[in-house]
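Only one structure is covered here, and it is reproduced in the block below.
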Amino acid sequence: NVANIFKNGNTNISQENVNDILNLKSYELISKITIKSNKNENKYVIKQSYINPDYSSQEVLEPENIKGTKIIREKNQIKLENTSLNLTTIFQDYEYVSENMLDLSTFLEEYKEGKTNIKENEKEKILEVILSDNNPYVGKKILYIDKDTGKPTKMEIEDDNKNTKIHILYTEVKINNLS
């Protein structure tokens with residue numbers, strides 16, 4: 001067990017927080033997202049829920065004009081809802097829609113399967129995944145995990161030129177690692 005090797009060794013680098021995050025059973029979180037383009041900056045507040053492996057949802061809390069918009073993924077079905085517009089659209093067997101680059105669960109899958117780095121500073125573990133899908137707007141994702149709580153604090157998505165294009169700040173995080 002990798003966690004035990006680090007825990008019992010003579011080093012203070014613990015793999016335990018990383019393993020806990022990578023093996024999440026479920027979570028609920030509120031995230032403040034800033035997306036920068038060449039011309040402007042857009043801000044969103046989104047509530048995300050995830051139950052491994054077949055359910056995730058995202059609900060827009062801000063801005064007001066799209067508040068209440070929900071994207072719900074259950075297995076291979078995507079449901080797009082907006083209660084204020086009385087709108088529901090269902091997409092069956094549509095894998096592409098469910099690949100949401102802003103979602104924490106997407107990062108965790110990419111980290112398990114991809115080219116990764118792990119660093120740390122005094123307060124945080126820093127997990128990096130280098131993406132090779134030839135998208136110039138998404139070159140690397142960086143997840144910061146608080147060493148004391150084991151919870152993610154923020155994620156940054158950089159373009160190929162190492163400019164932060166998307167900044168996600170996790171303000172409320174509830175995690176369940178129980179089977």
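Naming scheme: A, B, ... for chains in displayed order of the structure tokens; residues 1 onward per chain; ligands 1 onward as shown.
Neighbours of Glu59 in chain A closer than or equal to 12 Å, with only C-alpha atoms counted and sequence neighbours fewer than 4 positions away skipped, come out as A:Glu28, A:Leu29, A:Ile30, A:Ser31, A:Tyr44, A:Val45, A:Ile46, A:Lys47, A:Gln48, A:Ser49, A:Tyr50, A:Pro63, A:Ile66, A:Lys67, A:Gly68, A:Thr69, A:Lys70, A:Ile71, A:Ile72, A:Arg73, A:Lys79, A:Leu80, A:Glu81, A:Asn82, A:Thr83, A:Asp103.
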Writer output for current selection, N, CA, C and O atoms, as a CSV table (one decimal), in the first residue's frame:
chain,number,residue,atom,x,y,z
A,28,GLU,N,-20.3,16.6,-2.4
A,28,GLU,CA,-21.1,17.8,-2.7
A,28,GLU,C,-20.2,19.0,-2.5
A,28,GLU,O,-19.5,19.0,-1.5
A,29,LEU,N,-20.2,19.9,-3.4
A,29,LEU,CA,-19.4,21.1,-3.2
A,29,LEU,C,-20.0,22.3,-4.0
A,29,LEU,O,-20.8,22.2,-4.9
A,30,ILE,N,-19.6,23.5,-3.5
A,30,ILE,CA,-20.0,24.7,-4.1
A,30,ILE,C,-18.7,25.3,-4.6
A,30,ILE,O,-17.7,25.3,-3.9
A,31,SER,N,-18.7,25.7,-5.9
A,31,SER,CA,-17.5,26.2,-6.5
A,31,SER,C,-17.7,27.6,-7.1
A,31,SER,O,-18.8,27.8,-7.7
A,44,TYR,N,-19.0,32.3,-12.3
A,44,TYR,CA,-20.2,31.4,-12.0
A,44,TYR,C,-20.0,30.9,-10.6
A,44,TYR,O,-18.9,30.7,-10.1
A,45,VAL,N,-21.2,30.6,-10.0
A,45,VAL,CA,-21.2,29.8,-8.8
A,45,VAL,C,-22.0,28.6,-9.1
A,45,VAL,O,-23.1,28.7,-9.6
A,46,ILE,N,-21.4,27.4,-8.9
A,46,ILE,CA,-22.0,26.1,-9.3
A,46,ILE,C,-22.0,25.2,-8.1
A,46,ILE,O,-21.0,25.1,-7.4
A,47,LYS,N,-23.1,24.5,-7.9
A,47,LYS,CA,-23.2,23.4,-6.9
A,47,LYS,C,-23.0,22.1,-7.7
A,47,LYS,O,-23.7,21.8,-8.6
A,48,GLN,N,-22.1,21.3,-7.2
A,48,GLN,CA,-21.8,20.0,-7.9
A,48,GLN,C,-22.0,18.9,-6.9
A,48,GLN,O,-21.7,19.0,-5.7
A,49,SER,N,-22.6,17.8,-7.4
A,49,SER,CA,-22.8,16.6,-6.6
A,49,SER,C,-22.3,15.4,-7.5
A,49,SER,O,-22.4,15.4,-8.7
A,50,TYR,N,-21.8,14.4,-6.8
A,50,TYR,CA,-21.2,13.2,-7.5
A,50,TYR,C,-21.4,12.0,-6.6
A,50,TYR,O,-21.2,12.0,-5.4
A,63,PRO,N,-24.6,33.2,-12.5
A,63,PRO,CA,-25.3,34.5,-12.4
A,63,PRO,C,-26.8,34.2,-12.5
A,63,PRO,O,-27.3,33.2,-12.8
A,66,ILE,N,-29.0,32.7,-15.5
A,66,ILE,CA,-29.1,31.2,-15.8
A,66,ILE,C,-29.2,30.4,-14.5
A,66,ILE,O,-29.0,29.2,-14.5
A,67,LYS,N,-29.5,31.1,-13.4
A,67,LYS,CA,-29.7,30.4,-12.2
A,67,LYS,C,-30.8,29.3,-12.3
A,67,LYS,O,-31.8,29.4,-13.0
A,68,GLY,N,-30.5,28.1,-11.7
A,68,GLY,CA,-31.5,27.0,-11.7
A,68,GLY,C,-31.2,26.0,-12.9
A,68,GLY,O,-31.8,25.0,-12.9
A,69,THR,N,-30.3,26.4,-13.7
A,69,THR,CA,-29.9,25.5,-14.8
A,69,THR,C,-29.2,24.3,-14.2
A,69,THR,O,-28.2,24.5,-13.4
A,70,LYS,N,-29.6,23.1,-14.5
A,70,LYS,CA,-29.0,21.9,-14.0
A,70,LYS,C,-28.6,20.9,-15.1
A,70,LYS,O,-29.3,20.8,-16.1
A,71,ILE,N,-27.4,20.3,-15.0
A,71,ILE,CA,-27.0,19.3,-15.9
A,71,ILE,C,-26.8,18.0,-15.0
A,71,ILE,O,-26.0,18.0,-14.0
A,72,ILE,N,-27.6,17.0,-15.3
A,72,ILE,CA,-27.6,15.8,-14.5
A,72,ILE,C,-27.2,14.6,-15.3
A,72,ILE,O,-27.8,14.4,-16.4
A,73,ARG,N,-26.2,13.9,-14.9
A,73,ARG,CA,-25.7,12.7,-15.6
A,73,ARG,C,-26.0,11.5,-14.8
A,73,ARG,O,-25.6,11.4,-13.6
A,79,LYS,N,-29.4,14.9,-18.6
A,79,LYS,CA,-30.6,15.6,-18.5
A,79,LYS,C,-30.2,17.1,-18.3
A,79,LYS,O,-29.5,17.4,-17.3
A,80,LEU,N,-30.7,18.0,-19.1
A,80,LEU,CA,-30.5,19.4,-19.0
A,80,LEU,C,-31.8,20.0,-18.5
A,80,LEU,O,-32.9,19.8,-19.2
A,81,GLU,N,-31.8,20.7,-17.4
A,81,GLU,CA,-33.1,21.3,-16.8
A,81,GLU,C,-32.9,22.7,-16.5
A,81,GLU,O,-31.8,23.2,-16.1
A,82,ASN,N,-33.9,23.5,-16.7
A,82,ASN,CA,-34.0,24.8,-16.2
A,82,ASN,C,-35.4,25.1,-15.6
A,82,ASN,O,-36.3,25.2,-16.4
A,83,THR,N,-35.5,25.0,-14.3
A,83,THR,CA,-36.9,25.1,-13.7
A,83,THR,C,-37.6,26.4,-14.0
A,83,THR,O,-38.8,26.4,-14.2
A,103,ASP,N,-15.6,19.6,-13.9
A,103,ASP,CA,-16.0,18.8,-12.8
A,103,ASP,C,-14.8,18.1,-12.1
A,103,ASP,O,-13.9,17.6,-12.7
Could you give me, as CSV, every range 17-61 of chain A residue with an atom at most 9 Å from range 143-165 of chain A, plus its closest atom pair and distance in Å to one decimal, counting only C-alpha atoms, rows ordered by chain then number?
residue,atom,partner,partner_atom,distance
A:Asn17,CA,A:Gly150,CA,5.1
A:Val18,CA,A:Gly150,CA,7.8
A:Asp20,CA,A:Gly150,CA,7.5
A:Ile21,CA,A:Gly150,CA,7.5
A:Ser31,CA,A:Lys154,CA,8.5
A:Thr34,CA,A:Lys165,CA,8.1
A:Ile35,CA,A:Lys165,CA,5.8
A:Lys36,CA,A:Lys165,CA,5.0
A:Ser37,CA,A:Lys165,CA,6.8
Restricting the output to C-alpha atoms, write the selected residues as a short mmCIF file (atom, residue, chain, number, x, y, z; two decimals), in the first residue's frame.
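Done, and the output landed in again-v1.cif:
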data_model
loop_
_atom_site.label_atom_id
_atom_site.label_comp_id
_atom_site.auth_asym_id
_atom_site.auth_seq_id
_atom_site.Cartn_x
_atom_site.Cartn_y
_atom_site.Cartn_z
CA ASN A 17 -4.74 12.61 1.27
CA VAL A 18 -4.08 11.93 -2.40
CA ASP A 20 -8.54 9.64 -0.33
CA ILE A 21 -9.29 12.19 -3.05
CA SER A 31 -17.46 26.21 -6.49
CA THR A 34 -13.78 32.26 -13.18
CA ILE A 35 -13.30 31.67 -16.90
CA LYS A 36 -10.93 34.02 -18.74
CA SER A 37 -10.95 34.45 -22.48
#
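Between CA of Asn65 in chain A and CA of Ile168 in chain A the interatomic distance comes to 20.3 Å.
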query: Just how far from CA of Asn40 in chain A is CA of Gly139 in chain A, in Å to one decimal?
result: 20.0 Å
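Coordinates place CA of Ile142 in chain A at a distance of 23.8 Å from CA of Glu62 in chain A.
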query: Using only C-alpha atoms, which of the listed residues (A:Ser26, A:Met101, A:Leu87, A:Asn42) sits closest to Val138 in chain A?
result: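 Under the stated criterion, the closest residue is A:Met101.
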task: Pick out the closest residue to Tyr27 in chain A from this set: A:Ile118, A:Leu104, A:Val129, A:Ile78. Count only C-alpha atoms.
output: A:Leu104
task: Based on DSSP run over this structure's backbone, return all residues of chain A in alpha helix (DSSP H), as a PyMOL selection string.
output: chain A and resi 2-8+16-22+95-98+104-113
Writer output for current selection, N, CA, C and O atoms, as a compact mmCIF listing (two decimals), in the first residue's frame:
# COMPACT_ATOMS: atom_id res chain seq x y z
N VAL A 2 0.71 2.05 -1.01
CA VAL A 2 1.54 3.25 -1.17
C VAL A 2 1.40 4.17 0.04
O VAL A 2 2.37 4.71 0.53
N ALA A 3 0.19 4.34 0.54
CA ALA A 3 -0.03 5.24 1.68
C ALA A 3 0.79 4.81 2.88
O ALA A 3 1.39 5.63 3.56
N ASN A 4 0.83 3.51 3.14
CA ASN A 4 1.57 3.02 4.30
C ASN A 4 3.07 3.20 4.13
O ASN A 4 3.77 3.49 5.09
N ILE A 5 3.56 3.04 2.92
CA ILE A 5 5.00 3.22 2.69
C ILE A 5 5.40 4.64 3.07
O ILE A 5 6.36 4.86 3.77
N PHE A 6 4.62 5.61 2.59
CA PHE A 6 4.93 6.99 2.90
C PHE A 6 4.71 7.30 4.38
O PHE A 6 5.47 8.01 4.99
N LYS A 7 3.64 6.75 4.95
CA LYS A 7 3.29 7.06 6.33
C LYS A 7 4.34 6.52 7.29
O LYS A 7 4.69 7.17 8.26
N ASN A 8 4.83 5.32 7.03
CA ASN A 8 5.76 4.68 7.95
C ASN A 8 7.22 4.99 7.66
O ASN A 8 8.08 4.66 8.42
N GLU A 16 -1.60 9.68 1.72
CA GLU A 16 -2.95 9.35 2.17
C GLU A 16 -4.00 10.32 1.65
O GLU A 16 -5.04 9.89 1.13
N ASN A 17 -3.77 11.63 1.77
CA ASN A 17 -4.74 12.61 1.27
C ASN A 17 -5.01 12.41 -0.21
O ASN A 17 -6.14 12.53 -0.66
N VAL A 18 -3.95 12.12 -0.95
CA VAL A 18 -4.08 11.93 -2.40
C VAL A 18 -4.95 10.71 -2.68
O VAL A 18 -5.88 10.77 -3.49
N ASN A 19 -4.67 9.60 -2.01
CA ASN A 19 -5.47 8.39 -2.22
C ASN A 19 -6.93 8.62 -1.85
O ASN A 19 -7.83 8.14 -2.53
N ASP A 20 -7.17 9.34 -0.75
CA ASP A 20 -8.54 9.64 -0.33
C ASP A 20 -9.29 10.40 -1.43
O ASP A 20 -10.44 10.08 -1.75
N ILE A 21 -8.65 11.40 -1.99
CA ILE A 21 -9.29 12.19 -3.05
C ILE A 21 -9.52 11.33 -4.29
O ILE A 21 -10.59 11.36 -4.89
N LEU A 22 -8.52 10.55 -4.70
CA LEU A 22 -8.63 9.77 -5.93
C LEU A 22 -9.69 8.68 -5.82
O LEU A 22 -10.20 8.21 -6.84
N GLU A 95 -22.02 10.28 -24.84
CA GLU A 95 -20.83 10.34 -23.98
C GLU A 95 -20.21 11.74 -23.95
O GLU A 95 -19.78 12.21 -22.93
N TYR A 96 -20.14 12.39 -25.09
CA TYR A 96 -19.41 13.65 -25.21
C TYR A 96 -19.94 14.71 -24.24
O TYR A 96 -19.17 15.43 -23.62
N VAL A 97 -21.25 14.78 -24.07
CA VAL A 97 -21.84 15.79 -23.20
C VAL A 97 -21.40 15.60 -21.76
O VAL A 97 -21.21 16.55 -21.02
N SER A 98 -21.23 14.34 -21.35
CA SER A 98 -20.92 14.07 -19.95
C SER A 98 -19.47 14.36 -19.59
O SER A 98 -19.10 14.36 -18.43
N LEU A 104 -14.87 18.08 -10.75
CA LEU A 104 -13.81 17.45 -9.97
C LEU A 104 -13.66 15.97 -10.33
O LEU A 104 -12.55 15.46 -10.45
N SER A 105 -14.78 15.28 -10.55
CA SER A 105 -14.70 13.85 -10.87
C SER A 105 -13.99 13.62 -12.21
O SER A 105 -13.28 12.63 -12.37
N THR A 106 -14.14 14.55 -13.16
CA THR A 106 -13.42 14.44 -14.43
C THR A 106 -11.92 14.55 -14.19
O THR A 106 -11.13 13.78 -14.73
N PHE A 107 -11.52 15.51 -13.34
CA PHE A 107 -10.09 15.65 -13.01
C PHE A 107 -9.56 14.34 -12.41
O PHE A 107 -8.48 13.87 -12.77
N LEU A 108 -10.31 13.74 -11.50
CA LEU A 108 -9.84 12.54 -10.81
C LEU A 108 -9.64 11.40 -11.81
O LEU A 108 -8.64 10.67 -11.72
N GLU A 109 -10.54 11.25 -12.77
CA GLU A 109 -10.38 10.21 -13.80
C GLU A 109 -9.16 10.51 -14.67
O GLU A 109 -8.38 9.61 -14.98
N GLU A 110 -9.01 11.77 -15.07
CA GLU A 110 -7.86 12.15 -15.90
C GLU A 110 -6.56 11.91 -15.14
O GLU A 110 -5.57 11.48 -15.72
N TYR A 111 -6.56 12.17 -13.85
CA TYR A 111 -5.35 11.98 -13.05
C TYR A 111 -4.98 10.50 -12.97
O TYR A 111 -3.82 10.14 -13.07
N LYS A 112 -5.98 9.65 -12.80
CA LYS A 112 -5.71 8.21 -12.71
C LYS A 112 -5.17 7.64 -14.01
O LYS A 112 -4.38 6.70 -14.00
N GLU A 113 -5.58 8.22 -15.14
CA GLU A 113 -5.24 7.65 -16.44
C GLU A 113 -4.13 8.39 -17.16
O GLU A 113 -3.65 7.92 -18.18
- prompt: Looking only at the backbone, which of the residues in range 40-122 of chain A does DSSP tag as strand (DSSP E or B), as a ChimeraX atom specification?
  reply: /A:41-51,55-62,69-74,77-82,87-92,115-120
